[in-house]
Structure formats: structure tokens, C-alpha cells
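Colleague: Provided herewith: model_33.cif, mmCIF, C-alpha atoms.
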```
data_protein
#
loop_
_atom_site.group_PDB
_atom_site.id
_atom_site.type_symbol
_atom_site.label_atom_id
_atom_site.label_comp_id
_atom_site.auth_asym_id
_atom_site.auth_seq_id
_atom_site.Cartn_x
_atom_site.Cartn_y
_atom_site.Cartn_z
ATOM 1 C CA MET T 24 0.000 0.000 0.000
ATOM 2 C CA SER T 25 1.416 3.382 -1.000
ATOM 3 C CA LEU T 26 0.946 6.722 0.735
ATOM 4 C CA GLU T 27 -0.820 8.015 -2.378
ATOM 5 C CA SER T 28 -3.361 5.191 -2.295
ATOM 6 C CA VAL T 29 -4.500 6.070 1.239
ATOM 7 C CA GLY T 30 -4.860 9.770 0.445
ATOM 8 C CA PHE T 31 -1.802 10.872 2.445
ATOM 9 C CA PHE T 32 -1.068 13.672 0.003
ATOM 10 C CA ASP T 33 -4.632 14.977 -0.250
ATOM 11 C CA PRO T 34 -5.495 18.111 1.726
ATOM 12 C CA PRO T 35 -8.132 17.820 4.431
ATOM 13 C CA ALA T 36 -11.678 18.511 3.292
ATOM 14 C CA ALA T 37 -12.826 22.102 3.778
ATOM 15 C CA ASP T 38 -15.395 22.660 6.521
ATOM 16 C CA ARG T 39 -17.165 25.434 4.613
ATOM 17 C CA GLU T 40 -18.389 26.349 1.145
ATOM 18 C CA LEU T 41 -16.541 28.950 -0.915
ATOM 19 C CA ASN T 42 -16.881 30.223 -4.463
ATOM 20 C CA SER T 43 -16.511 33.529 -6.313
ATOM 21 C CA ASP T 44 -20.037 34.649 -5.408
ATOM 22 C CA ILE T 45 -19.383 34.151 -1.697
ATOM 23 C CA VAL T 46 -16.011 35.907 -1.956
ATOM 24 C CA ARG T 47 -17.644 38.860 -3.732
ATOM 25 C CA ALA T 48 -20.405 39.157 -1.110
ATOM 26 C CA VAL T 49 -18.101 38.826 1.903
ATOM 27 C CA VAL T 50 -15.455 41.236 0.611
ATOM 28 C CA ARG T 51 -18.053 43.832 -0.476
ATOM 29 C CA ASN T 52 -19.782 43.626 2.890
ATOM 30 C CA GLN T 53 -16.652 43.892 5.029
ATOM 31 C CA PHE T 54 -14.534 46.192 2.851
ATOM 32 C CA PRO T 55 -16.848 48.732 1.184
ATOM 33 C CA GLN T 56 -13.830 50.807 0.116
ATOM 34 C CA LEU T 57 -12.986 48.120 -2.481
ATOM 35 C CA PRO T 58 -14.991 48.232 -5.724
ATOM 36 C CA VAL T 59 -14.909 44.395 -6.086
ATOM 37 C CA GLN T 60 -15.318 44.537 -9.831
ATOM 38 C CA SER T 61 -13.377 41.359 -10.532
ATOM 39 C CA ILE T 62 -12.736 38.092 -8.696
ATOM 40 C CA ALA T 63 -10.202 35.522 -9.898
ATOM 41 C CA TYR T 64 -9.572 32.183 -8.222
ATOM 42 C CA LEU T 65 -5.813 31.779 -7.698
ATOM 43 C CA GLY T 66 -5.678 28.331 -6.170
ATOM 44 C CA SER T 67 -5.962 26.166 -3.089
ATOM 45 C CA GLY T 68 -3.490 24.637 -0.719
ATOM 46 C CA TRP T 69 -3.801 22.463 2.352
ATOM 47 C CA GLU T 70 -4.909 25.345 4.545
ATOM 48 C CA GLN T 71 -6.310 28.153 2.373
ATOM 49 C CA ASP T 72 -8.019 29.133 -0.859
ATOM 50 C CA ALA T 73 -6.789 32.329 -2.525
ATOM 51 C CA TYR T 74 -8.715 34.795 -4.675
ATOM 52 C CA LEU T 75 -7.500 37.922 -6.461
ATOM 53 C CA VAL T 76 -9.885 40.857 -6.101
ATOM 54 C CA ASP T 77 -9.753 43.784 -8.532
ATOM 55 C CA ASP T 78 -6.405 42.579 -9.907
ATOM 56 C CA HIS T 79 -4.463 43.807 -6.877
ATOM 57 C CA VAL T 80 -5.642 42.337 -3.541
ATOM 58 C CA VAL T 81 -5.131 38.679 -2.654
ATOM 59 C CA PHE T 82 -7.645 37.370 -0.129
ATOM 60 C CA ARG T 83 -6.847 34.124 1.644
ATOM 61 C CA PHE T 84 -9.720 32.111 3.074
ATOM 62 C CA PRO T 85 -9.039 29.268 5.540
ATOM 63 C CA ARG T 86 -10.257 25.846 4.526
ATOM 64 C CA TYR T 87 -11.097 25.039 8.172
ATOM 65 C CA ALA T 88 -11.406 26.881 11.498
ATOM 66 C CA ASP T 89 -7.948 26.298 13.009
ATOM 67 C CA VAL T 90 -6.172 28.026 10.129
ATOM 68 C CA GLY T 91 -8.009 31.310 10.656
ATOM 69 C CA ARG T 92 -6.751 31.514 14.226
ATOM 70 C CA GLY T 93 -3.142 31.672 12.993
ATOM 71 C CA PHE T 94 -3.261 34.936 11.034
ATOM 72 C CA ALA T 95 -2.103 37.182 13.914
ATOM 73 C CA ARG T 96 0.934 34.939 14.458
ATOM 74 C CA GLU T 97 1.593 34.969 10.712
ATOM 75 C CA GLU T 98 1.497 38.771 10.656
ATOM 76 C CA ARG T 99 4.076 38.956 13.459
ATOM 77 C CA LEU T 100 6.322 36.555 11.551
ATOM 78 C CA LEU T 101 5.954 38.546 8.312
ATOM 79 C CA ARG T 102 6.883 41.768 10.148
ATOM 80 C CA LEU T 103 9.967 40.061 11.590
ATOM 81 C CA VAL T 104 11.041 38.816 8.153
ATOM 82 C CA THR T 105 10.428 42.266 6.665
ATOM 83 C CA SER T 106 12.597 43.888 9.335
ATOM 84 C CA ALA T 107 15.374 41.353 8.662
ATOM 85 C CA VAL T 108 15.449 41.521 4.862
ATOM 86 C CA GLY T 109 14.521 45.179 4.375
ATOM 87 C CA ALA T 110 13.889 46.220 0.799
ATOM 88 C CA SER T 111 15.803 43.287 -0.709
ATOM 89 C CA ALA T 112 12.590 41.224 -0.977
ATOM 90 C CA ARG T 113 8.895 42.019 -1.046
ATOM 91 C CA ILE T 114 7.019 40.417 1.820
ATOM 92 C CA PRO T 115 3.204 40.405 2.043
ATOM 93 C CA ARG T 116 1.732 42.823 4.579
ATOM 94 C CA ILE T 117 -1.759 41.926 5.769
ATOM 95 C CA THR T 118 -3.910 45.030 5.318
ATOM 96 C CA PHE T 119 -7.418 43.551 5.325
ATOM 97 C CA TRP T 120 -8.689 41.590 8.319
ATOM 98 C CA GLY T 121 -11.974 39.807 7.612
ATOM 99 C CA GLU T 122 -14.260 38.650 10.398
ATOM 100 C CA PRO T 123 -16.385 35.502 10.501
ATOM 101 C CA SER T 124 -19.919 36.088 9.233
ATOM 102 C CA ALA T 125 -23.037 34.249 8.130
ATOM 103 C CA ARG T 126 -21.585 33.956 4.602
ATOM 104 C CA PHE T 127 -18.091 32.801 5.655
ATOM 105 C CA PRO T 128 -17.499 31.258 9.106
ATOM 106 C CA HIS T 129 -13.784 31.975 9.665
ATOM 107 C CA PRO T 130 -11.465 34.983 9.908
ATOM 108 C CA PHE T 131 -9.715 35.720 6.601
ATOM 109 C CA VAL T 132 -7.080 38.165 5.399
ATOM 110 C CA GLY T 133 -6.058 40.187 2.376
ATOM 111 C CA HIS T 134 -2.845 41.778 1.177
ATOM 112 C CA GLU T 135 -1.612 43.577 -1.919
ATOM 113 C CA LEU T 136 -0.570 41.282 -4.744
ATOM 114 C CA ILE T 137 3.164 40.851 -5.091
ATOM 115 C CA PRO T 138 3.676 40.230 -8.807
ATOM 116 C CA GLY T 139 6.129 37.585 -9.808
ATOM 117 C CA VAL T 140 6.678 34.400 -11.725
ATOM 118 C CA GLY T 141 4.873 31.246 -10.659
ATOM 119 C CA ALA T 142 6.866 28.210 -9.621
#
```
Give the structure from this file in C-alpha cells form.

Modeller:
Amino acid sequence: MSLESVGFFDPPAADRELNSDIVRAVVRNQFPQLPVQSIAYLGSGWEQDAYLVDDHVVFRFPRYADVGRGFAREERLLRLVTSAVGASARIPRITFWGEPSARFPHPFVGHELIPGVGA
């Protein structure tokens, strides 16, 4: 029996529903300063789904509750890395802090897109 055959490499199932319509509604409701004219799905990982809003803000939505509780710790780590590397690398800076709501049950975050080349 291989690890692949038992699903070892599959991410855990999400504990909530998420699609572009939900992203649009949640972001518009919580961040009225954003026009939310376009939504593009960027991808999913083990812990989060990412969407690009208006071609410049990346919103990351936890796939399950525990992930959303780690954003404050992540922000502290990103600030530490930023202070260590200075301007030699662009590090995301969380600027949008989403709260759980009826449409999306977990905290979520957004930051300006850092353009680059995909792996």
C-alpha cells in the first residue's frame, strides 16, 4: 500500500463552502472601500483558498477553522522577516482583516498582490 493510495497527500476537506459569489459578497460587505469589480480564483493549498480581487488584492480564506486563528501569528512573523530583509525582498503585509460572518465562518485576510513568476 502506497501513501498516495491512502490519500496521504490529499489536503483535508474544507469545513465550509466557498466560491466567487461568496467571496464577492463577503469582501463587499466587510470592505466597502474596495470596488470588487473582478474576482479571480488563484488556487488552493492544504490550509487556504486564494482569490485575487480587482487585480491587486489577494484574499486568503481558511479551509477550516484552526487556520483562521493563525493569522495574527503569521502577521508577526511577516513583520519580523520584513525587518530582517529590508527592501531586498517584497514580503506580504496583511492590510485587510476579515471577520467571521453568516456567509463565511472563519477569519480571513487580504494583502496587496506581489507580482512575480509562478513556480

Colleague: May I have the residues within 12 Å of range 49-55 of chain T as a short mmCIF file (atom, residue, chain, number, x, y, z; two decimals) with C-alpha atoms, in the coordinates of the input, using only C-alpha atoms and disregarding those fewer than 3 positions away in the same chain?

Modeller:
```cif
data_model
loop_
_atom_site.label_atom_id
_atom_site.label_comp_id
_atom_site.auth_asym_id
_atom_site.auth_seq_id
_atom_site.Cartn_x
_atom_site.Cartn_y
_atom_site.Cartn_z
CA LEU T 41 -16.54 28.95 -0.92
CA ASN T 42 -16.88 30.22 -4.46
CA SER T 43 -16.51 33.53 -6.31
CA ASP T 44 -20.04 34.65 -5.41
CA ILE T 45 -19.38 34.15 -1.70
CA VAL T 46 -16.01 35.91 -1.96
CA PRO T 58 -14.99 48.23 -5.72
CA VAL T 59 -14.91 44.40 -6.09
CA GLN T 60 -15.32 44.54 -9.83
CA SER T 61 -13.38 41.36 -10.53
CA ILE T 62 -12.74 38.09 -8.70
CA TYR T 74 -8.72 34.80 -4.68
CA LEU T 75 -7.50 37.92 -6.46
CA VAL T 76 -9.88 40.86 -6.10
CA ASP T 77 -9.75 43.78 -8.53
CA VAL T 80 -5.64 42.34 -3.54
CA VAL T 81 -5.13 38.68 -2.65
CA PHE T 82 -7.64 37.37 -0.13
CA ARG T 83 -6.85 34.12 1.64
CA PHE T 84 -9.72 32.11 3.07
CA THR T 118 -3.91 45.03 5.32
CA PHE T 119 -7.42 43.55 5.32
CA TRP T 120 -8.69 41.59 8.32
CA GLY T 121 -11.97 39.81 7.61
CA GLU T 122 -14.26 38.65 10.40
CA PRO T 123 -16.39 35.50 10.50
CA SER T 124 -19.92 36.09 9.23
CA ALA T 125 -23.04 34.25 8.13
CA ARG T 126 -21.58 33.96 4.60
CA PHE T 127 -18.09 32.80 5.66
CA PRO T 128 -17.50 31.26 9.11
CA HIS T 129 -13.78 31.98 9.66
CA PRO T 130 -11.46 34.98 9.91
CA PHE T 131 -9.72 35.72 6.60
CA VAL T 132 -7.08 38.16 5.40
CA GLY T 133 -6.06 40.19 2.38
#
```

Colleague: For the file shown, report as an MDAnalysis selection string the outcome of the PyMOL selection byres ((chain T and resi 114) around 9) at residue level.

Modeller: chainID T and resid 101:102 104:105 112:113 115:116 137

Colleague: So the first atom is CA of Pro85 in chain T and the second is CA of Glu40 in chain T; what is the distance between them in Å, to one decimal place?

Modeller: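 CA of Glu40 in chain T lies at a distance of 10.7 Å from CA of Pro85 in chain T.
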
Colleague: Within 8 Å of Pro34 in chain T, counting all atoms listed in the file, which residues show up once you throw out same-chain ones fewer than 2 positions away? Write them as a ChimeraX atom specification, please.

Modeller: /T:32,36,68-70

Colleague: Using only C-alpha atoms, find the one residue out of T:Leu65, T:Ala73, T:Ala107, T:Ala48 that sits nearest to Arg86 in chain T.

Modeller: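 Counting only C-alpha atoms, the residue closest to Arg86 in chain T is T:Ala73.
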
Colleague: Padding 5 Å on each side, edges along x, y and z: where is the centre of the box around the listed atoms of range 132-140 of chain T, and how long are its edges in Å to one decimal? Output it as JSON.

Modeller:
```
{"center_x": -0.2, "center_y": 39.0, "center_z": -3.2, "size_x": 23.8, "size_y": 19.2, "size_z": 27.1}
```

Colleague: Could you please determine the separation between CA of Asp78 in chain T and CA of Glu135 in chain T in Å, to one decimal place?

Modeller: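 Computing it gives 9.4 Å between the two atoms.
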
Colleague: Please, what distance in Å, to one decimal, runs between CA of His134 in chain T and CA of Phe94 in chain T?

Modeller: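 Separating CA of His134 in chain T from CA of Phe94 in chain T is a distance of 12.0 Å.
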
Colleague: Could you pull range 82-93 of chain T out of the structure just shown and give N, CA and C atoms as a short mmCIF file (atom, residue, chain, number, x, y, z; two decimals), in the first residue's frame?

Modeller:
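And here is the file that came out, selection.cif:
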```cif
data_model
loop_
_atom_site.label_atom_id
_atom_site.label_comp_id
_atom_site.auth_asym_id
_atom_site.auth_seq_id
_atom_site.Cartn_x
_atom_site.Cartn_y
_atom_site.Cartn_z
N PHE T 82 -6.96 37.76 -1.35
CA PHE T 82 -7.65 37.37 -0.13
C PHE T 82 -7.45 35.89 0.07
N ARG T 83 -7.08 35.53 1.30
CA ARG T 83 -6.85 34.12 1.64
C ARG T 83 -7.91 33.69 2.65
N PHE T 84 -8.61 32.63 2.29
CA PHE T 84 -9.72 32.11 3.07
C PHE T 84 -9.35 30.73 3.63
N PRO T 85 -9.36 30.57 4.96
CA PRO T 85 -9.04 29.27 5.54
C PRO T 85 -9.99 28.18 5.08
N ARG T 86 -9.45 26.99 4.91
CA ARG T 86 -10.26 25.85 4.53
C ARG T 86 -10.96 25.24 5.74
N TYR T 87 -10.46 25.51 6.95
CA TYR T 87 -11.10 25.04 8.17
C TYR T 87 -10.72 25.98 9.32
N ALA T 88 -11.44 25.88 10.42
CA ALA T 88 -11.41 26.88 11.50
C ALA T 88 -10.01 27.14 12.08
N ASP T 89 -9.24 26.11 12.34
CA ASP T 89 -7.95 26.30 13.01
C ASP T 89 -7.02 27.23 12.24
N VAL T 90 -7.08 27.21 10.95
CA VAL T 90 -6.17 28.03 10.13
C VAL T 90 -6.43 29.51 10.37
N GLY T 91 -7.67 29.91 10.46
CA GLY T 91 -8.01 31.31 10.66
C GLY T 91 -7.48 31.88 11.96
N ARG T 92 -7.26 31.04 12.94
CA ARG T 92 -6.75 31.51 14.23
C ARG T 92 -5.26 31.83 14.17
N GLY T 93 -4.59 31.47 13.08
CA GLY T 93 -3.14 31.67 12.99
C GLY T 93 -2.71 32.94 12.28
#
```
